[in-house]
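For reference, the structure is listed below as structure tokens.
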Amino acid sequence: MKSMAQLEYHYGLKVRIYPSDHQKQIIKVNSDASRFIYNEMVAIGKELWQLNRVKLSIDTVQDRIQQLKLRQNAKQMSNHFQFLEDKRIDSLAKANAIQNYHKAWNTFRKVHEAGVPKFHRKSYAWRYQTNCQYPKQKTARLDNGTVCFEDRKHIVVPKLGRLRIKGAQQRLLDRQGETRIGTVTISKDAADRFFLSLQLGSDTPFVSKLSRTNRQIGIDLNTENFLTASDGRTIANPRYYRTIKGKLAKAQRTLSRRQRRAKKEQRSLRGSLRESKNYQKQRLVVAKIHARVFDRRHDFLQRTSTALIKNQDLVVAEELRSKNLLKNHALAMSISDVGWRSFLGMLSYKADLYDRQFITVSPKNTTQTCHDCGFVMGSDGTEKLTLADREWICPQCHVHHIRDYNAALNILEKGLQKQQKA
């Protein structure tokens with residue numbers, strides 16, 4: 001049986017789950033254990049770094065270093081902290097917490113912007129990882145591992161047992177041949193919704209191949225319209241956050257008032273439900289408003305990116321760095337609301353999934369350059385275009401341009417040049 005790394009195609013599946021109260025307690029215990037082990041690994045790493053800096057051969061220092069190194073595995077950590085021996089805790093959740101710590105260090109070594117591993121704080125969101133195993137099976141399928149689908153509406157997970165699900169795709173469950181389930185993540189968001197994310201692997205593709213369209217498109221992302229394409233089409237910016245901002249502000253004021261009242265009466269906000277019942281109810285109202293905005297935006301981005309990739313052989317976009325753009329306080333809300341970074345990520349992985357090509361190009365002068373004659377605004381004594389200039393006339397060839405459409409044409413041309421060089 002092949003491992004996940006040996007399988008050619010990989011696919012992610014996320015479904016909504018509806019655990020019972022008992023199952024919710026098990027998820028909470030595993031989430032807390034996973035967070036504790038990860039934080040313990042971070043603490044051990046910090047202490048080892050400090051001890052190694054001292055560079056002393058004192059026996060007590062060397063003994064402490066050896067003790068810490070021995071504790072860096074799940075079995076030794078469980079022996080050291082007896083509460084980790086709880087039978088409700090999945091052994092693979094412990095192992096994954098340690099593995100995630102090492103992955104965080106590997107990511108830091110490759111991409112220094114990610115930062116070194118930091119302590120995970122306690123929050124209203126829960127999360128832990130386990131794995132699907134195939135101990136005696138010769139062939140891996142979706143219905144014969146330790147994590148397995150009973151039918152379209154039920155799945156079995158170690159320690160949790162049978163869970164009711166919503167969102168499983170029937171075409172995946174009906175697949176013939178080997179399909180292996182790898183890492184399984186159980187999570188709860190701040191709005192008290194539970195999810196199950198599965199990593200699937202197979203030697204057969206998860207989506208059918210699409211025929212060639214012989215079409216290319218360049219897209220200009222902006223805040224006026226969500227995007228303007230090089231074929232003249234525009235997609236309006238839905239502005240999901242702005243439409244609900246007033247309702248959210250009102251709910252947050254109520255939450256803040258209840259928080260101040262609880263603190264004044266010295267009631268714990270995270271204590272028993274009786275101590276902070278009104279605060280917790282309002283916190284859930286605010287979280288659900290945020291979740292509604294996220295879901296609507298996510299659905300819009302998924303539909304738009306899928307349509308673009310399926311209908312074009314080549315999609316070209318600007319390489320936007322949202323982190324830098326958010327420094328502009330006048331546009332920060334609009335940029336956060338539009339979700340550019342998520343959209344570009346979706347285009348990237350869907351291009352690989354559907355065997356299309358997605359290219360990003362430098363945004364330098366894509367807006368300022370005339371597509372007809374190549375004249376760059378800001379040169380030869382001319383002034384650069386501002387955000388207020390939605391239409392302009394080239395001072396050299398006197399062609400009238402719609403700002404975003406002209407930029408999309410320049411982006412496509414840059415993409416085609418980059419494709420030829422590659």
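Just so we're on the same page: first chain in the structure tokens is A, next is B, and so on; residues restart at 1 for each chain, and ligands are numbered from 1 in the order they show up.
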
Contacts of region 294-307 of chain A at 12 Å (only C-alpha atoms; same-chain gap of 3+ positions) as a VMD selection string: chain A and resid 189 191 219 226 to 227 234 to 244 287 to 291 310 to 313 315 317 336 to 354 356 358

Near-Leu48 (chain A) list (12 Å; only C-alpha atoms; drop same-chain fewer than 6 positions) as a ChimeraX atom specification: /A:41-42,54-55,61-72

Next, dump the selected residues to file, keeping only N, CA, C and O atoms, as an mmCIF file, in the first residue's frame.
```cif
data_model
loop_
_atom_site.group_PDB
_atom_site.id
_atom_site.type_symbol
_atom_site.label_atom_id
_atom_site.label_comp_id
_atom_site.auth_asym_id
_atom_site.auth_seq_id
_atom_site.Cartn_x
_atom_site.Cartn_y
_atom_site.Cartn_z
ATOM 1 N N MET A 41 6.452 21.919 23.878
ATOM 2 C CA MET A 41 7.572 21.797 22.950
ATOM 3 C C MET A 41 8.232 23.164 22.723
ATOM 4 O O MET A 41 9.460 23.274 22.649
ATOM 5 N N VAL A 42 7.421 24.204 22.625
ATOM 6 C CA VAL A 42 7.963 25.556 22.463
ATOM 7 C C VAL A 42 8.768 25.946 23.706
ATOM 8 O O VAL A 42 9.881 26.494 23.599
ATOM 9 N N VAL A 54 24.686 29.150 27.454
ATOM 10 C CA VAL A 54 25.567 29.274 28.627
ATOM 11 C C VAL A 54 26.899 28.584 28.373
ATOM 12 O O VAL A 54 27.968 29.060 28.768
ATOM 13 N N LYS A 55 26.872 27.429 27.699
ATOM 14 C CA LYS A 55 28.078 26.661 27.340
ATOM 15 C C LYS A 55 28.894 26.296 28.584
ATOM 16 O O LYS A 55 30.109 26.492 28.653
ATOM 17 N N VAL A 61 23.478 21.383 34.698
ATOM 18 C CA VAL A 61 23.056 21.944 33.412
ATOM 19 C C VAL A 61 22.954 20.844 32.373
ATOM 20 O O VAL A 61 21.977 20.760 31.619
ATOM 21 N N GLN A 62 23.961 19.974 32.313
ATOM 22 C CA GLN A 62 23.962 18.885 31.339
ATOM 23 C C GLN A 62 22.827 17.891 31.608
ATOM 24 O O GLN A 62 22.199 17.373 30.676
ATOM 25 N N ASP A 63 22.552 17.632 32.883
ATOM 26 C CA ASP A 63 21.440 16.732 33.232
ATOM 27 C C ASP A 63 20.107 17.325 32.789
ATOM 28 O O ASP A 63 19.243 16.609 32.286
ATOM 29 N N ARG A 64 19.968 18.627 32.988
ATOM 30 C CA ARG A 64 18.725 19.296 32.588
ATOM 31 C C ARG A 64 18.538 19.230 31.073
ATOM 32 O O ARG A 64 17.432 18.990 30.578
ATOM 33 N N ILE A 65 19.621 19.415 30.333
ATOM 34 C CA ILE A 65 19.546 19.341 28.868
ATOM 35 C C ILE A 65 19.122 17.945 28.434
ATOM 36 O O ILE A 65 18.274 17.781 27.541
ATOM 37 N N GLN A 66 19.688 16.916 29.069
ATOM 38 C CA GLN A 66 19.332 15.541 28.710
ATOM 39 C C GLN A 66 17.872 15.243 29.043
ATOM 40 O O GLN A 66 17.156 14.581 28.279
ATOM 41 N N GLN A 67 17.391 15.755 30.183
ATOM 42 C CA GLN A 67 15.990 15.548 30.574
ATOM 43 C C GLN A 67 15.042 16.182 29.562
ATOM 44 O O GLN A 67 14.037 15.578 29.174
ATOM 45 N N LEU A 68 15.367 17.397 29.143
ATOM 46 C CA LEU A 68 14.512 18.098 28.189
ATOM 47 C C LEU A 68 14.503 17.387 26.843
ATOM 48 O O LEU A 68 13.461 17.279 26.190
ATOM 49 N N LYS A 69 15.646 16.911 26.388
ATOM 50 C CA LYS A 69 15.705 16.216 25.104
ATOM 51 C C LYS A 69 14.914 14.917 25.125
ATOM 52 O O LYS A 69 14.271 14.551 24.142
ATOM 53 N N LEU A 70 14.964 14.215 26.258
ATOM 54 C CA LEU A 70 14.218 12.958 26.363
ATOM 55 C C LEU A 70 12.709 13.195 26.368
ATOM 56 O O LEU A 70 11.947 12.333 25.939
ATOM 57 N N ARG A 71 12.289 14.371 26.850
ATOM 58 C CA ARG A 71 10.868 14.654 26.970
ATOM 59 C C ARG A 71 10.223 15.053 25.633
ATOM 60 O O ARG A 71 9.013 15.250 25.537
ATOM 61 N N GLN A 72 11.041 15.167 24.569
ATOM 62 C CA GLN A 72 10.532 15.660 23.299
ATOM 63 C C GLN A 72 9.912 14.561 22.431
ATOM 64 O O GLN A 72 10.071 14.537 21.235
#
```

Selected residue of minimal separation from Thr213 (chain A) among A:Ile155, A:Met1, A:Arg283, A:Leu308, counting only C-alpha atoms: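 Once distances to Thr213 (chain A) are computed over only C-alpha atoms, the minimum belongs to A:Leu308.
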
DSSP helix (DSSP H, G or I) selection over region 74-195 of chain A, as a VMD selection string: chain A and resid 74 to 80 82 to 85 91 to 110 112 to 114 170 to 173

Export of the given selection (N, CA and C atoms) as a tab-separated table (two decimals), in the first residue's frame:
```
chain	number	residue	atom	x	y	z
A	74	ALA	N	6.11	11.91	22.40
A	74	ALA	CA	4.77	11.80	22.98
A	74	ALA	C	4.73	10.87	24.19
A	75	LYS	N	5.44	9.74	24.11
A	75	LYS	CA	5.39	8.77	25.21
A	75	LYS	C	6.01	9.33	26.48
A	76	GLN	N	7.21	9.92	26.36
A	76	GLN	CA	7.87	10.49	27.53
A	76	GLN	C	7.09	11.65	28.11
A	77	MET	N	6.47	12.46	27.22
A	77	MET	CA	5.69	13.59	27.70
A	77	MET	C	4.45	13.12	28.46
A	78	SER	N	3.84	12.04	27.98
A	78	SER	CA	2.67	11.48	28.67
A	78	SER	C	3.06	10.91	30.02
A	79	ASN	N	4.27	10.32	30.12
A	79	ASN	CA	4.75	9.81	31.41
A	79	ASN	C	5.03	10.95	32.39
A	80	HIS	N	5.48	12.07	31.85
A	80	HIS	CA	5.82	13.21	32.71
A	80	HIS	C	4.57	13.94	33.19
A	82	GLN	N	0.77	13.22	33.79
A	82	GLN	CA	-0.14	12.09	33.88
A	82	GLN	C	-1.52	12.36	33.28
A	83	PHE	N	-1.95	13.62	33.23
A	83	PHE	CA	-3.28	13.90	32.69
A	83	PHE	C	-3.33	13.61	31.19
A	84	LEU	N	-2.18	13.50	30.54
A	84	LEU	CA	-2.15	13.16	29.11
A	84	LEU	C	-2.44	11.68	28.88
A	85	GLU	N	-2.52	10.89	29.96
A	85	GLU	CA	-2.86	9.47	29.84
A	85	GLU	C	-4.37	9.24	29.79
A	91	SER	N	-3.91	9.16	20.75
A	91	SER	CA	-2.44	9.13	20.76
A	91	SER	C	-1.87	9.83	19.53
A	92	LEU	N	-2.60	9.76	18.40
A	92	LEU	CA	-2.12	10.41	17.18
A	92	LEU	C	-2.24	11.93	17.27
A	93	ALA	N	-3.16	12.42	18.12
A	93	ALA	CA	-3.26	13.87	18.34
A	93	ALA	C	-2.00	14.38	19.03
A	94	LYS	N	-1.46	13.60	19.97
A	94	LYS	CA	-0.21	13.98	20.65
A	94	LYS	C	0.94	14.01	19.65
A	95	ALA	N	1.04	12.94	18.85
A	95	ALA	CA	2.14	12.85	17.88
A	95	ALA	C	2.07	13.97	16.85
A	96	ASN	N	0.86	14.32	16.41
A	96	ASN	CA	0.70	15.39	15.42
A	96	ASN	C	1.06	16.75	16.00
A	97	ALA	N	0.80	16.96	17.29
A	97	ALA	CA	1.17	18.24	17.92
A	97	ALA	C	2.68	18.42	17.90
A	98	ILE	N	3.43	17.36	18.20
A	98	ILE	CA	4.89	17.42	18.16
A	98	ILE	C	5.38	17.59	16.72
A	99	GLN	N	4.75	16.86	15.80
A	99	GLN	CA	5.13	16.97	14.39
A	99	GLN	C	4.87	18.38	13.85
A	100	ASN	N	3.77	18.99	14.26
A	100	ASN	CA	3.47	20.35	13.82
A	100	ASN	C	4.49	21.36	14.34
A	101	TYR	N	5.00	21.10	15.53
A	101	TYR	CA	6.06	21.97	16.08
A	101	TYR	C	7.31	21.90	15.20
A	102	HIS	N	7.70	20.69	14.82
A	102	HIS	CA	8.88	20.55	13.96
A	102	HIS	C	8.63	21.12	12.57
A	103	LYS	N	7.41	20.99	12.07
A	103	LYS	CA	7.07	21.58	10.77
A	103	LYS	C	7.16	23.11	10.82
A	104	ALA	N	6.75	23.68	11.96
A	104	ALA	CA	6.84	25.14	12.12
A	104	ALA	C	8.28	25.60	12.05
A	105	TRP	N	9.20	24.83	12.64
A	105	TRP	CA	10.62	25.18	12.57
A	105	TRP	C	11.14	25.05	11.14
A	106	ASN	N	10.73	23.99	10.44
A	106	ASN	CA	11.17	23.81	9.05
A	106	ASN	C	10.67	24.94	8.16
A	107	THR	N	9.43	25.38	8.42
A	107	THR	CA	8.89	26.51	7.66
A	107	THR	C	9.67	27.78	7.93
A	108	PHE	N	10.05	27.98	9.20
A	108	PHE	CA	10.84	29.17	9.55
A	108	PHE	C	12.20	29.15	8.85
A	109	ARG	N	12.81	27.98	8.74
A	109	ARG	CA	14.13	27.89	8.10
A	109	ARG	C	14.03	28.16	6.60
A	110	LYS	N	12.89	27.79	5.99
A	110	LYS	CA	12.72	28.02	4.56
A	110	LYS	C	12.24	29.44	4.28
A	112	HIS	N	11.72	32.85	6.33
A	112	HIS	CA	11.95	33.51	7.62
A	112	HIS	C	10.82	34.44	8.01
A	113	GLU	N	9.98	34.84	7.05
A	113	GLU	CA	8.86	35.72	7.37
A	113	GLU	C	7.84	35.04	8.28
A	114	ALA	N	7.83	33.69	8.26
A	114	ALA	CA	6.84	32.95	9.06
A	114	ALA	C	7.09	33.12	10.55
A	170	GLN	N	-20.81	13.26	-3.22
A	170	GLN	CA	-21.15	11.89	-3.59
A	170	GLN	C	-20.17	11.31	-4.61
A	171	ARG	N	-19.68	12.15	-5.52
A	171	ARG	CA	-18.75	11.65	-6.55
A	171	ARG	C	-17.46	11.15	-5.92
A	172	LEU	N	-17.05	11.71	-4.77
A	172	LEU	CA	-15.86	11.23	-4.09
A	172	LEU	C	-16.12	9.89	-3.42
A	173	LEU	N	-17.31	9.75	-2.83
A	173	LEU	CA	-17.64	8.51	-2.14
A	173	LEU	C	-17.84	7.35	-3.11
```

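Coordinates place CA of Gly182 (chain A) at a distance of 21.5 Å from CA of Ile37 (chain A).
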
Residues of region 5-131 of chain A in strand (DSSP E or B), written as a PyMOL selection string: chain A and resi 9-18+126-131

Distance query region 28-33 of chain A at most 6 Å, only C-alpha atoms, self and fewer than 3 positions along chain excluded, as a list in words: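 In the requested format, the answer is Gln25, Phe36, Ile89, Trp126, Arg127 and Tyr128 of chain A.
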
May I have the residues from that selection written out with N, CA and C atoms, as a tab-separated table (two decimals), in the first residue's frame?
```
chain	number	residue	atom	x	y	z
A	25	GLN	N	-17.20	17.14	24.28
A	25	GLN	CA	-16.27	17.09	25.40
A	25	GLN	C	-14.97	16.42	25.00
A	36	PHE	N	-1.52	22.01	24.64
A	36	PHE	CA	-0.56	21.91	25.75
A	36	PHE	C	0.76	21.30	25.28
A	89	ILE	N	-8.04	10.87	25.07
A	89	ILE	CA	-7.08	11.58	24.22
A	89	ILE	C	-6.54	10.62	23.16
A	126	TRP	N	-11.39	25.53	18.75
A	126	TRP	CA	-10.71	24.29	19.11
A	126	TRP	C	-10.16	23.64	17.85
A	127	ARG	N	-9.11	22.84	18.02
A	127	ARG	CA	-8.52	22.19	16.86
A	127	ARG	C	-7.55	21.09	17.29
A	128	TYR	N	-7.63	19.95	16.66
A	128	TYR	CA	-6.60	18.92	16.82
A	128	TYR	C	-6.58	18.04	15.58
```

Long-range neighbours of Pro135 (chain A) as a ChimeraX atom specification, 12 Å cut-off, only C-alpha atoms, 3 positions minimum in chain: /A:1,132,138-140,144-147

Distance query region 263-271 of chain A at most 12 Å, only C-alpha atoms, self and fewer than 4 positions along chain excluded, as a list in words: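 Close residues of region 263-271 of chain A: Lys122, Ser123, Tyr124, Leu255, Ser256, Arg257, Arg258, Gln259, Glu275, Ser276, Lys277, Asn278, Tyr279, Gln280, Lys281, Gln282 and Arg283 of chain A.
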
Now that the selection is made, can you save its residues with all heavy atoms as a short mmCIF file (atom, residue, chain, number, x, y, z; two decimals), in the first residue's frame?
```cif
data_model
loop_
_atom_site.label_atom_id
_atom_site.label_comp_id
_atom_site.auth_asym_id
_atom_site.auth_seq_id
_atom_site.Cartn_x
_atom_site.Cartn_y
_atom_site.Cartn_z
N LYS A 122 -5.07 30.12 24.42
CA LYS A 122 -6.39 29.53 24.57
C LYS A 122 -7.43 30.45 23.93
O LYS A 122 -7.37 31.67 24.07
CB LYS A 122 -6.70 29.37 26.06
CG LYS A 122 -7.96 28.58 26.36
CD LYS A 122 -8.11 28.37 27.86
CE LYS A 122 -9.33 27.52 28.17
NZ LYS A 122 -9.49 27.31 29.62
N SER A 123 -8.37 29.85 23.20
CA SER A 123 -9.39 30.66 22.53
C SER A 123 -10.69 29.87 22.46
O SER A 123 -10.77 28.71 22.91
CB SER A 123 -8.92 31.04 21.12
OG SER A 123 -8.88 29.91 20.28
N TYR A 124 -11.70 30.49 21.87
CA TYR A 124 -12.98 29.81 21.71
C TYR A 124 -12.96 28.83 20.54
O TYR A 124 -13.89 28.05 20.36
CB TYR A 124 -14.09 30.84 21.51
CG TYR A 124 -14.35 31.67 22.74
CD1 TYR A 124 -13.94 33.00 22.81
CD2 TYR A 124 -14.99 31.13 23.85
CE1 TYR A 124 -14.17 33.77 23.93
CE2 TYR A 124 -15.22 31.89 24.98
CZ TYR A 124 -14.81 33.21 25.02
OH TYR A 124 -15.03 33.96 26.15
N LEU A 255 -21.82 43.75 23.39
CA LEU A 255 -20.84 42.83 23.97
C LEU A 255 -19.89 43.56 24.90
O LEU A 255 -19.60 43.08 26.01
CB LEU A 255 -20.06 42.15 22.84
CG LEU A 255 -18.99 41.15 23.27
CD1 LEU A 255 -19.62 39.93 23.91
CD2 LEU A 255 -18.12 40.74 22.09
N SER A 256 -19.42 44.74 24.49
CA SER A 256 -18.51 45.52 25.32
C SER A 256 -19.17 45.96 26.62
O SER A 256 -18.56 45.93 27.69
CB SER A 256 -18.02 46.73 24.53
OG SER A 256 -17.14 47.51 25.30
N ARG A 257 -20.45 46.35 26.53
CA ARG A 257 -21.18 46.77 27.73
C ARG A 257 -21.33 45.61 28.72
O ARG A 257 -21.15 45.78 29.92
CB ARG A 257 -22.55 47.30 27.31
CG ARG A 257 -23.36 47.90 28.45
CD ARG A 257 -24.55 48.67 27.94
NE ARG A 257 -25.48 47.83 27.19
CZ ARG A 257 -25.70 47.92 25.89
NH1 ARG A 257 -25.02 48.81 25.16
NH2 ARG A 257 -26.57 47.14 25.27
N ARG A 258 -21.63 44.43 28.21
CA ARG A 258 -21.78 43.26 29.09
C ARG A 258 -20.44 42.84 29.67
O ARG A 258 -20.37 42.33 30.81
CB ARG A 258 -22.42 42.11 28.32
CG ARG A 258 -23.87 42.40 27.96
CD ARG A 258 -24.54 41.27 27.23
NE ARG A 258 -25.92 41.62 26.91
CZ ARG A 258 -26.76 40.82 26.25
NH1 ARG A 258 -26.35 39.63 25.85
NH2 ARG A 258 -28.00 41.21 26.01
N GLN A 259 -19.36 43.03 28.91
CA GLN A 259 -18.04 42.72 29.42
C GLN A 259 -17.67 43.65 30.58
O GLN A 259 -17.17 43.20 31.62
CB GLN A 259 -17.01 42.84 28.30
CG GLN A 259 -15.58 42.50 28.73
CD GLN A 259 -14.58 42.72 27.63
OE1 GLN A 259 -14.82 43.49 26.71
NE2 GLN A 259 -13.45 42.04 27.69
N GLU A 275 -22.12 32.41 35.45
CA GLU A 275 -21.41 33.64 35.79
C GLU A 275 -21.43 34.65 34.66
O GLU A 275 -21.42 35.85 34.90
CB GLU A 275 -19.96 33.32 36.18
CG GLU A 275 -19.82 32.59 37.51
CD GLU A 275 -18.36 32.36 37.87
OE1 GLU A 275 -17.51 32.55 36.99
OE2 GLU A 275 -18.09 31.98 39.02
N SER A 276 -21.42 34.17 33.43
CA SER A 276 -21.32 35.09 32.28
C SER A 276 -22.25 34.66 31.15
O SER A 276 -21.86 34.68 30.00
CB SER A 276 -19.87 35.14 31.80
OG SER A 276 -19.41 33.84 31.49
N LYS A 277 -23.46 34.28 31.50
CA LYS A 277 -24.39 33.76 30.50
C LYS A 277 -24.71 34.81 29.43
O LYS A 277 -24.67 34.52 28.23
CB LYS A 277 -25.68 33.31 31.19
CG LYS A 277 -26.69 32.67 30.26
CD LYS A 277 -27.90 32.16 31.02
CE LYS A 277 -28.90 31.52 30.08
NZ LYS A 277 -30.08 31.03 30.80
N ASN A 278 -25.03 36.03 29.84
CA ASN A 278 -25.39 37.07 28.88
C ASN A 278 -24.20 37.45 27.99
O ASN A 278 -24.37 37.70 26.79
CB ASN A 278 -25.91 38.32 29.61
CG ASN A 278 -27.28 38.08 30.21
OD1 ASN A 278 -28.02 37.22 29.74
ND2 ASN A 278 -27.61 38.82 31.24
N TYR A 279 -22.99 37.49 28.60
CA TYR A 279 -21.80 37.81 27.80
C TYR A 279 -21.56 36.74 26.74
O TYR A 279 -21.28 37.05 25.58
CB TYR A 279 -20.58 37.94 28.72
CG TYR A 279 -19.29 38.07 27.96
CD1 TYR A 279 -18.88 39.30 27.45
CD2 TYR A 279 -18.47 36.96 27.73
CE1 TYR A 279 -17.70 39.41 26.73
CE2 TYR A 279 -17.30 37.07 27.02
CZ TYR A 279 -16.91 38.29 26.52
OH TYR A 279 -15.75 38.40 25.81
N GLN A 280 -21.66 35.47 27.13
CA GLN A 280 -21.40 34.37 26.20
C GLN A 280 -22.44 34.34 25.08
O GLN A 280 -22.12 34.05 23.92
CB GLN A 280 -21.38 33.03 26.93
CG GLN A 280 -20.20 32.85 27.88
CD GLN A 280 -18.87 32.85 27.16
OE1 GLN A 280 -18.81 32.61 25.96
NE2 GLN A 280 -17.80 33.15 27.87
N LYS A 281 -23.68 34.66 25.40
CA LYS A 281 -24.72 34.70 24.38
C LYS A 281 -24.43 35.80 23.35
O LYS A 281 -24.56 35.59 22.14
CB LYS A 281 -26.09 34.94 25.03
CG LYS A 281 -26.68 33.71 25.71
CD LYS A 281 -27.89 34.07 26.56
CE LYS A 281 -29.03 34.59 25.72
NZ LYS A 281 -30.23 34.88 26.54
N GLN A 282 -24.00 36.97 23.84
CA GLN A 282 -23.71 38.07 22.93
C GLN A 282 -22.42 37.82 22.15
O GLN A 282 -22.31 38.21 20.98
CB GLN A 282 -23.61 39.38 23.71
CG GLN A 282 -23.52 40.62 22.85
CD GLN A 282 -24.75 40.80 21.96
OE1 GLN A 282 -25.84 40.34 22.29
NE2 GLN A 282 -24.56 41.48 20.84
N ARG A 283 -21.45 37.17 22.79
CA ARG A 283 -20.21 36.82 22.08
C ARG A 283 -20.52 35.92 20.89
O ARG A 283 -19.95 36.07 19.80
CB ARG A 283 -19.24 36.10 23.01
CG ARG A 283 -17.92 35.72 22.36
CD ARG A 283 -17.21 34.62 23.12
NE ARG A 283 -17.93 33.37 23.06
CZ ARG A 283 -17.93 32.53 22.02
NH1 ARG A 283 -17.26 32.84 20.92
NH2 ARG A 283 -18.61 31.40 22.08
#
```

Pick from A:Glu318, A:Glu178, A:Glu47, A:Glu391 nearest to Thr204 (chain A), counting only C-alpha atoms: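 Among the listed residues, the smallest separation from Thr204 (chain A) belongs to A:Glu178.
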
Surrounding residues of region 412-419 of chain A excluding itself and chain neighbours under 5 positions, 8 Å, only C-alpha atoms, as a count of residues only: 10

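The shortest atom-to-atom distance to Leu13 (chain A), with only C-alpha atoms taken into account, belongs to A:Gln169 out of A:Gln169, A:Leu51, A:Ala43, A:Phe81.
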
Asp151 (chain A) surroundings by only C-alpha atoms, 10 Å radius, close-in-sequence under 2 positions cut, as a ChimeraX atom specification: /A:143,148-149,153-156,164-165,168,170,173
